[in-house]
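A short write-up of the structure that comes next.
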Amino acid sequence: MYFFGDSIKNFEYKNKNNFKINRILFFVLLCGVVLSFGGCGKDKKVEEASGPKTTVEGDETIYLAEGKGRDVPDEPFIMACGDVSDVVNPFGELTKADRRILRLTQANLVTFDRNNSLVKWAAEGEKISYNGKEYSYKGMANVNVEYDADLSQTTYTFTIDDNVYFSDGETVTADDLIFTLYAFCDESYHGFYDLKNVNIKGLKAYLSGASSDISGIDKEGKKGVKIVTDGYNSSDIHTFNIPVCPLHYYGDKKKYNLSAKTFGFEKDNISKLVEKNGLVGAGPYKFIKNDKGVIYFEANEKYYKGCPATAFVQMKKKSSDDNSQTFTDFFAGVYDYAAFSNGKDVVDYLNGATRNEEFDKSGFYNTYTDGDTYQMICMNAVNLSVNGRPDTNKSKALRKAFATVFASNRADICERYYGYSVSVIDYPFASVSWAVPDKETDDYKEAYATDNKGDRLYTSDMEYEERLEKALEIAKIYFCAAGYKLEDSKLVADKELKKMKYEIVIPSETDDNACMYSYLSDIRNSLSDIGIDLKVKYEKTKKLQKKVNKHKLQMWCQEFETNPDASLRELYYGNYSFENNILGIADSNLDELIDSADSIVSYTKKAKNYNKCFDRIFEWGVVVPIFQRKEGAIYKSNHVNAKTLPNEMTSYYGLMDEIEKLEMI
């Protein structure tokens, strides 16, 4: 719609002697363009049929999209993106850019907050606290989760809001959701949404041909769908976070009949769904076209959160995945927004240009959000133990001696080597996870920051050298508890400990290798001063990982990604025969705590249980959380109104979650 402004200006100039006619023709042209091309103009027939709702109201209005439609400039919001498929379809293979297109055009079934916990009352709107501040959330459906311990099954009840419509005006119903579920569960589906791995009752029988339907999926009226699973798996609710696709557009309504057990397509063959060209959904924007590397969208006036404030959005393919090229294109005016993979070089570059994270004369600003990848120092409890007994107090004291020193100056390494691109973490998850205590609460504890009696080691005004000195002092106590003796301020090993050679390994092919080597080398020198010899060495990443999986290492550095359900089972459950138990923990009490946590549906109760798990894990001294990475984005400050961006964005909640509020300047 770039031609709109110029067309009107030219028209008025050519007819400036007949102003009255101009006004009439201008009005006709304006109405025609608005109704045909975008914004949120009025269409009486569609409105009467669908009754689109722009705000959520009740005793208190808690969410307001404030879409302005044709009252705002027609200038598009332009986002940089990666490779896009020739045909973007919810049922096909999806690139990362494809999934962003779906976020614009489709509405997902489940809503999550800033720390990735479930928003149960999303249809009505729900307020949830984050970092001590309340935020409002709105989604397309309410979710009720009930676990029956006697039957060992979980029931998920999804109730779609009455005011959710597809962009073509059709109401979103339970039939659309059931059609979508069956399509994603079909044997011939091989895309991004992996419902086939959920233990839905009757799914295996359906896939094998032993049943003509999935017994665990039931319709509950016009707007409700009930899904029953065997047992309880906290990751299932994240798997159910699927786009609800219109049966009337992608499927065949003649082939949809629940009584006849047909679901809108031919079983074991979703090819016709995949081949459907075009996108219809209940998301904030409508797909227009994909032309020469640019994807065009216009505002969906029937969006359930309200008509988007920006009429047009474009996604432009990046000329390169290289950050420097993305920045070059950005400053040349190609994009209004670009996300980038963070690193100290990027942070230094941006801070040098902007001097801070706020607006400035250069015409852009950048944001950093806490990501879900994090770095830890790991220890194998068996390989780093006294007398080969990993669970004894002596063995735990040995590991906690190293852990206390490793953890003493993590903030220093982050500041010196990474700047804004990382932040210190104190738990074995990224801090954005619901499982990690809020820093503002009494439950939050700094990792390995207490002595052997449980008293705090550090004060807030301690410098680097003071913290290290204090950590070494407590480390001596732990080493002595492990069997060392202190002679002339140096540790002397007994016969058993003399056999021990301490080594920590760093993956050589990562961005962190140099800084971690420098940091650990400083610690090695300090440990040497008190009589402990620690070897710091590099290993190629693949070779290191093989040794980790075969339990060949004592200590090593490794990066992890916080899984959606924040499960502790993979790393910390005690069956040492599993390759995944790379830490060598065998603790029945910890196993019971993890089992208990995995069976809890409430995030609040589950988090309290996790706190007990964390205490037990740190008692073993097998992990030292170091830092989490931050994700970066850059915006044009003279085009994008920063006040309309989401506050306190995280890796789980960002721009796309409130895209309807974004305003252009």
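Simple scheme: letters A, B, ... for chains in structure tokens order, numbers from 1 for residues in each chain, numbers from 1 for ligands in the order shown.
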
Quiz prompt | Contacts of range 115-131 of chain A at 9 Å (only C-alpha atoms; same-chain gap of 2+ positions) as an MDAnalysis selection string | solution = chainID A and resid 56:58 61:63 110:113 133:145 159:162 237:238 431:435 438:440 564:565 603 648 650:653

Practice problem: Considering only C-alpha atoms, return as a PyMOL selection string whatever protein or nucleic-acid residues lie within 6 Å of range 624-633 of chain A, sequence-local ones (same chain, fewer than 2 positions apart) excluded. | Solution: chain A and resi 338-340+342+366-371+373-377+421-428+430

Quiz item: Closest to Asn89 in chain A among A:Tyr249, A:Tyr478, A:Tyr256, A:Tyr418, using only C-alpha atoms?
Solution: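 Between A:Tyr249, A:Tyr478, A:Tyr256, A:Tyr418, the residue approaching Asn89 in chain A most closely is A:Tyr249.
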
Quiz item: Mind checking DSSP for range 287-328 of chain A and telling me the strand (DSSP E) residues as JSON, numbers by chain?
Solution: {"A": [287, 288, 289, 290, 291, 294, 295, 296, 297, 298, 299, 312, 313, 314, 315, 316, 317]}

Restrict the selected residues to C-alpha atoms and save them as a JSON list (two decimals), in the first residue's frame.
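Now in result.json:
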```
[["chain", "number", "residue", "atom", "x", "y", "z"],
["A", 287, "PHE", "CA", -1.23, -13.01, 4.88],
["A", 288, "ILE", "CA", -1.27, -11.11, 1.56],
["A", 289, "LYS", "CA", 1.55, -12.54, -0.54],
["A", 290, "ASN", "CA", 5.16, -13.72, -0.72],
["A", 291, "ASP", "CA", 6.91, -11.78, -3.47],
["A", 294, "VAL", "CA", 9.27, -10.06, 0.96],
["A", 295, "ILE", "CA", 6.20, -11.40, 2.78],
["A", 296, "TYR", "CA", 3.31, -8.95, 3.09],
["A", 297, "PHE", "CA", 0.68, -8.84, 5.85],
["A", 298, "GLU", "CA", -2.24, -6.59, 6.74],
["A", 299, "ALA", "CA", -4.07, -6.13, 10.05],
["A", 312, "PHE", "CA", 0.86, -3.39, 7.68],
["A", 313, "VAL", "CA", 3.77, -5.72, 8.46],
["A", 314, "GLN", "CA", 6.48, -7.02, 6.15],
["A", 315, "MET", "CA", 9.08, -9.73, 6.63],
["A", 316, "LYS", "CA", 12.24, -9.35, 4.52],
["A", 317, "LYS", "CA", 14.74, -12.12, 4.05]]
```

Quiz item: Which one of A:Val640, A:Val84, A:Ile659, A:Ala401 sits closest to Lys292 in chain A if you count only C-alpha atoms?
Solution: A:Val84

Practice problem: Report the distance between CA of Gly483 in chain A and CA of Val623 in chain A in Å, rounded to one decimal place. | Solution: 21.6 Å

Write out as CSV a residue-level contact list of range 530-569 of chain A versus range 381-388 of chain A with cut-off 8 Å: for each qualifying residue the closest pair of atoms and the distance in Å to one decimal, counting only C-alpha atoms, rows sorted by chain and residue number upward.
```
residue,atom,partner,partner_atom,distance
A:His551,CA,A:Asn383,CA,7.8
A:Lys552,CA,A:Asn383,CA,7.6
A:Leu553,CA,A:Asn383,CA,6.8
A:Gln554,CA,A:Asn383,CA,5.2
A:Met555,CA,A:Leu384,CA,8.0
```

For the residues in that selection, give me N, CA and C atoms as a short mmCIF file (atom, residue, chain, number, x, y, z; two decimals), in the first residue's frame.
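This went into again-v2.cif:
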```
data_model
loop_
_atom_site.label_atom_id
_atom_site.label_comp_id
_atom_site.auth_asym_id
_atom_site.auth_seq_id
_atom_site.Cartn_x
_atom_site.Cartn_y
_atom_site.Cartn_z
N HIS A 551 31.12 -41.18 30.93
CA HIS A 551 31.52 -40.95 32.33
C HIS A 551 33.03 -41.07 32.51
N LYS A 552 33.77 -40.39 31.61
CA LYS A 552 35.23 -40.46 31.65
C LYS A 552 35.87 -39.23 32.27
N LEU A 553 35.08 -38.18 32.54
CA LEU A 553 35.66 -36.92 33.02
C LEU A 553 35.29 -36.65 34.47
N GLN A 554 36.15 -35.86 35.13
CA GLN A 554 35.85 -35.38 36.48
C GLN A 554 35.01 -34.10 36.41
N MET A 555 35.56 -33.09 35.73
CA MET A 555 34.93 -31.77 35.66
C MET A 555 35.01 -31.24 34.24
#
```

Quiz item: If we count only C-alpha atoms, what is near Asp83 in chain A at a cut-off of 12 Å, once residues fewer than 2 positions away on the same chain are taken out, given as a VMD selection string?
Solution: chain A and resid 80 to 81 85 to 88 94 to 101 293 to 295 315 to 321

What does the file look like for those residues with C-alpha atoms, as an mmCIF file, in the first residue's frame?
```cif
data_model
loop_
_atom_site.group_PDB
_atom_site.id
_atom_site.type_symbol
_atom_site.label_atom_id
_atom_site.label_comp_id
_atom_site.auth_asym_id
_atom_site.auth_seq_id
_atom_site.Cartn_x
_atom_site.Cartn_y
_atom_site.Cartn_z
ATOM 1 C CA ALA A 80 14.300 -9.128 9.179
ATOM 2 C CA CYS A 81 13.853 -12.875 8.806
ATOM 3 C CA SER A 85 9.490 -21.916 2.561
ATOM 4 C CA ASP A 86 7.975 -21.461 -0.897
ATOM 5 C CA VAL A 87 4.593 -22.417 0.562
ATOM 6 C CA VAL A 88 4.086 -21.739 4.274
ATOM 7 C CA LEU A 94 8.501 -25.278 8.969
ATOM 8 C CA THR A 95 11.613 -23.105 9.104
ATOM 9 C CA LYS A 96 12.146 -20.696 11.994
ATOM 10 C CA ALA A 97 10.892 -17.855 9.768
ATOM 11 C CA ASP A 98 7.857 -19.951 8.786
ATOM 12 C CA ARG A 99 6.941 -20.293 12.450
ATOM 13 C CA ARG A 100 7.113 -16.519 12.861
ATOM 14 C CA ILE A 101 4.708 -16.180 9.924
ATOM 15 C CA GLY A 293 11.842 -12.331 -0.712
ATOM 16 C CA VAL A 294 9.270 -10.061 0.959
ATOM 17 C CA ILE A 295 6.199 -11.402 2.784
ATOM 18 C CA MET A 315 9.082 -9.725 6.635
ATOM 19 C CA LYS A 316 12.236 -9.345 4.523
ATOM 20 C CA LYS A 317 14.742 -12.122 4.051
ATOM 21 C CA LYS A 318 18.172 -11.278 5.449
ATOM 22 C CA SER A 319 20.974 -11.165 2.900
ATOM 23 C CA SER A 320 23.185 -13.052 5.360
ATOM 24 C CA ASP A 321 23.023 -14.729 8.770
#
```

Self-check item: Test item: residues at most 8 Å from Ala174 in chain A, only C-alpha atoms, excluding those fewer than 4 positions along its chain, as a PyMOL selection string
Solution: chain A and resi 160+178+219-225

Self-check item: Distance query Thr262 in chain A at most 12 Å, only C-alpha atoms, self and fewer than 4 positions along chain excluded, as a list of chain:residue names
Solution: A:Asp175, A:Ile178, A:Phe179, A:Tyr182, A:Ala183, A:Ser212, A:Asp213, A:Ile214, A:Gly251, A:Asp252, A:Lys253, A:Lys254, A:Lys255, A:Tyr256, A:Asn257, A:Leu258, A:Glu266, A:Lys267, A:Asp268

Could the residues in this selection be written to a file with N, CA and C atoms, as a PDB file, in the first residue's frame?
```pdb
ATOM      1  N   ASP A 175     -14.794 -27.968  16.637  1.00  0.00           N
ATOM      2  CA  ASP A 175     -14.553 -28.799  15.456  1.00  0.00           C
ATOM      3  C   ASP A 175     -13.244 -28.427  14.772  1.00  0.00           C
ATOM      4  N   ILE A 178     -10.506 -30.027  16.925  1.00  0.00           N
ATOM      5  CA  ILE A 178     -10.444 -31.483  16.747  1.00  0.00           C
ATOM      6  C   ILE A 178      -9.835 -31.835  15.395  1.00  0.00           C
ATOM      7  N   PHE A 179     -10.228 -31.138  14.348  1.00  0.00           N
ATOM      8  CA  PHE A 179      -9.631 -31.332  13.025  1.00  0.00           C
ATOM      9  C   PHE A 179      -8.120 -31.122  13.088  1.00  0.00           C
ATOM     10  N   TYR A 182      -6.290 -34.009  15.074  1.00  0.00           N
ATOM     11  CA  TYR A 182      -6.187 -35.241  14.290  1.00  0.00           C
ATOM     12  C   TYR A 182      -5.164 -35.100  13.161  1.00  0.00           C
ATOM     13  N   ALA A 183      -5.092 -33.930  12.558  1.00  0.00           N
ATOM     14  CA  ALA A 183      -4.118 -33.726  11.482  1.00  0.00           C
ATOM     15  C   ALA A 183      -2.689 -33.807  12.017  1.00  0.00           C
ATOM     16  N   SER A 212     -10.648 -46.630  15.120  1.00  0.00           N
ATOM     17  CA  SER A 212     -10.991 -45.651  14.079  1.00  0.00           C
ATOM     18  C   SER A 212     -11.031 -44.224  14.610  1.00  0.00           C
ATOM     19  N   ASP A 213     -10.788 -44.056  15.906  1.00  0.00           N
ATOM     20  CA  ASP A 213     -10.679 -42.709  16.454  1.00  0.00           C
ATOM     21  C   ASP A 213      -9.752 -42.730  17.658  1.00  0.00           C
ATOM     22  N   ILE A 214      -9.463 -41.548  18.182  1.00  0.00           N
ATOM     23  CA  ILE A 214      -8.607 -41.412  19.358  1.00  0.00           C
ATOM     24  C   ILE A 214      -9.524 -41.234  20.562  1.00  0.00           C
ATOM     25  N   GLY A 251      -9.265 -28.165   5.567  1.00  0.00           N
ATOM     26  CA  GLY A 251      -9.833 -29.505   5.469  1.00  0.00           C
ATOM     27  C   GLY A 251     -11.012 -29.580   4.515  1.00  0.00           C
ATOM     28  N   ASP A 252     -11.719 -30.679   4.604  1.00  0.00           N
ATOM     29  CA  ASP A 252     -12.916 -30.923   3.783  1.00  0.00           C
ATOM     30  C   ASP A 252     -14.078 -31.164   4.739  1.00  0.00           C
ATOM     31  N   LYS A 253     -15.001 -30.204   4.815  1.00  0.00           N
ATOM     32  CA  LYS A 253     -16.113 -30.308   5.766  1.00  0.00           C
ATOM     33  C   LYS A 253     -16.997 -31.513   5.471  1.00  0.00           C
ATOM     34  N   LYS A 254     -17.018 -31.943   4.208  1.00  0.00           N
ATOM     35  CA  LYS A 254     -17.822 -33.111   3.844  1.00  0.00           C
ATOM     36  C   LYS A 254     -17.236 -34.393   4.448  1.00  0.00           C
ATOM     37  N   LYS A 255     -15.953 -34.349   4.747  1.00  0.00           N
ATOM     38  CA  LYS A 255     -15.287 -35.512   5.335  1.00  0.00           C
ATOM     39  C   LYS A 255     -15.158 -35.394   6.853  1.00  0.00           C
ATOM     40  N   TYR A 256     -15.851 -34.411   7.440  1.00  0.00           N
ATOM     41  CA  TYR A 256     -15.795 -34.246   8.889  1.00  0.00           C
ATOM     42  C   TYR A 256     -17.132 -34.648   9.500  1.00  0.00           C
ATOM     43  N   ASN A 257     -17.115 -35.749  10.242  1.00  0.00           N
ATOM     44  CA  ASN A 257     -18.319 -36.242  10.899  1.00  0.00           C
ATOM     45  C   ASN A 257     -17.886 -37.093  12.084  1.00  0.00           C
ATOM     46  N   LEU A 258     -18.038 -36.546  13.278  1.00  0.00           N
ATOM     47  CA  LEU A 258     -17.548 -37.248  14.465  1.00  0.00           C
ATOM     48  C   LEU A 258     -18.276 -38.570  14.690  1.00  0.00           C
ATOM     49  N   GLU A 266      -8.388 -37.376   4.604  1.00  0.00           N
ATOM     50  CA  GLU A 266      -8.181 -38.814   4.457  1.00  0.00           C
ATOM     51  C   GLU A 266      -7.124 -39.286   5.450  1.00  0.00           C
ATOM     52  N   LYS A 267      -7.463 -40.256   6.283  1.00  0.00           N
ATOM     53  CA  LYS A 267      -6.523 -40.763   7.282  1.00  0.00           C
ATOM     54  C   LYS A 267      -5.250 -41.271   6.613  1.00  0.00           C
ATOM     55  N   ASP A 268      -4.122 -40.989   7.278  1.00  0.00           N
ATOM     56  CA  ASP A 268      -2.791 -41.388   6.799  1.00  0.00           C
ATOM     57  C   ASP A 268      -2.387 -40.679   5.518  1.00  0.00           C
TER      58      ASP A 268
END
```

Self-check item: Point-to-point distance from CA of Thr562 in chain A to CA of His190 in chain A, Å rounded to tenths
Solution: 24.2 Å

Quiz item: Among range 416-485 of chain A, which ones does DSSP place in alpha helix (DSSP H), written as a ChimeraX atom specification?
Solution: /A:464-482

Dump C-alpha atoms for the selected residues as an mmCIF file, in the first residue's frame?
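Saved the output as out_7.cif:
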```
data_model
loop_
_atom_site.group_PDB
_atom_site.id
_atom_site.type_symbol
_atom_site.label_atom_id
_atom_site.label_comp_id
_atom_site.auth_asym_id
_atom_site.auth_seq_id
_atom_site.Cartn_x
_atom_site.Cartn_y
_atom_site.Cartn_z
ATOM 1 C CA TYR A 464 36.937 -9.599 43.411
ATOM 2 C CA GLU A 465 40.027 -10.319 45.519
ATOM 3 C CA GLU A 466 38.066 -10.323 48.790
ATOM 4 C CA ARG A 467 35.485 -12.799 47.476
ATOM 5 C CA LEU A 468 38.174 -15.137 46.167
ATOM 6 C CA GLU A 469 40.096 -14.959 49.450
ATOM 7 C CA LYS A 470 36.938 -15.794 51.403
ATOM 8 C CA ALA A 471 36.083 -18.661 49.025
ATOM 9 C CA LEU A 472 39.585 -20.171 49.382
ATOM 10 C CA GLU A 473 39.315 -19.955 53.154
ATOM 11 C CA ILE A 474 36.080 -22.007 53.137
ATOM 12 C CA ALA A 475 37.446 -24.327 50.439
ATOM 13 C CA LYS A 476 40.268 -25.285 52.818
ATOM 14 C CA ILE A 477 37.680 -26.346 55.392
ATOM 15 C CA TYR A 478 35.871 -28.476 52.797
ATOM 16 C CA PHE A 479 39.114 -30.024 51.534
ATOM 17 C CA CYS A 480 40.050 -30.927 55.120
ATOM 18 C CA ALA A 481 36.604 -32.497 55.577
ATOM 19 C CA ALA A 482 37.372 -34.579 52.476
#
```

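The closest residue to Ala642 in chain A, picked from A:Glu559, A:Asp218, A:Glu463, A:Asp336 and counting only C-alpha atoms, is A:Asp336.
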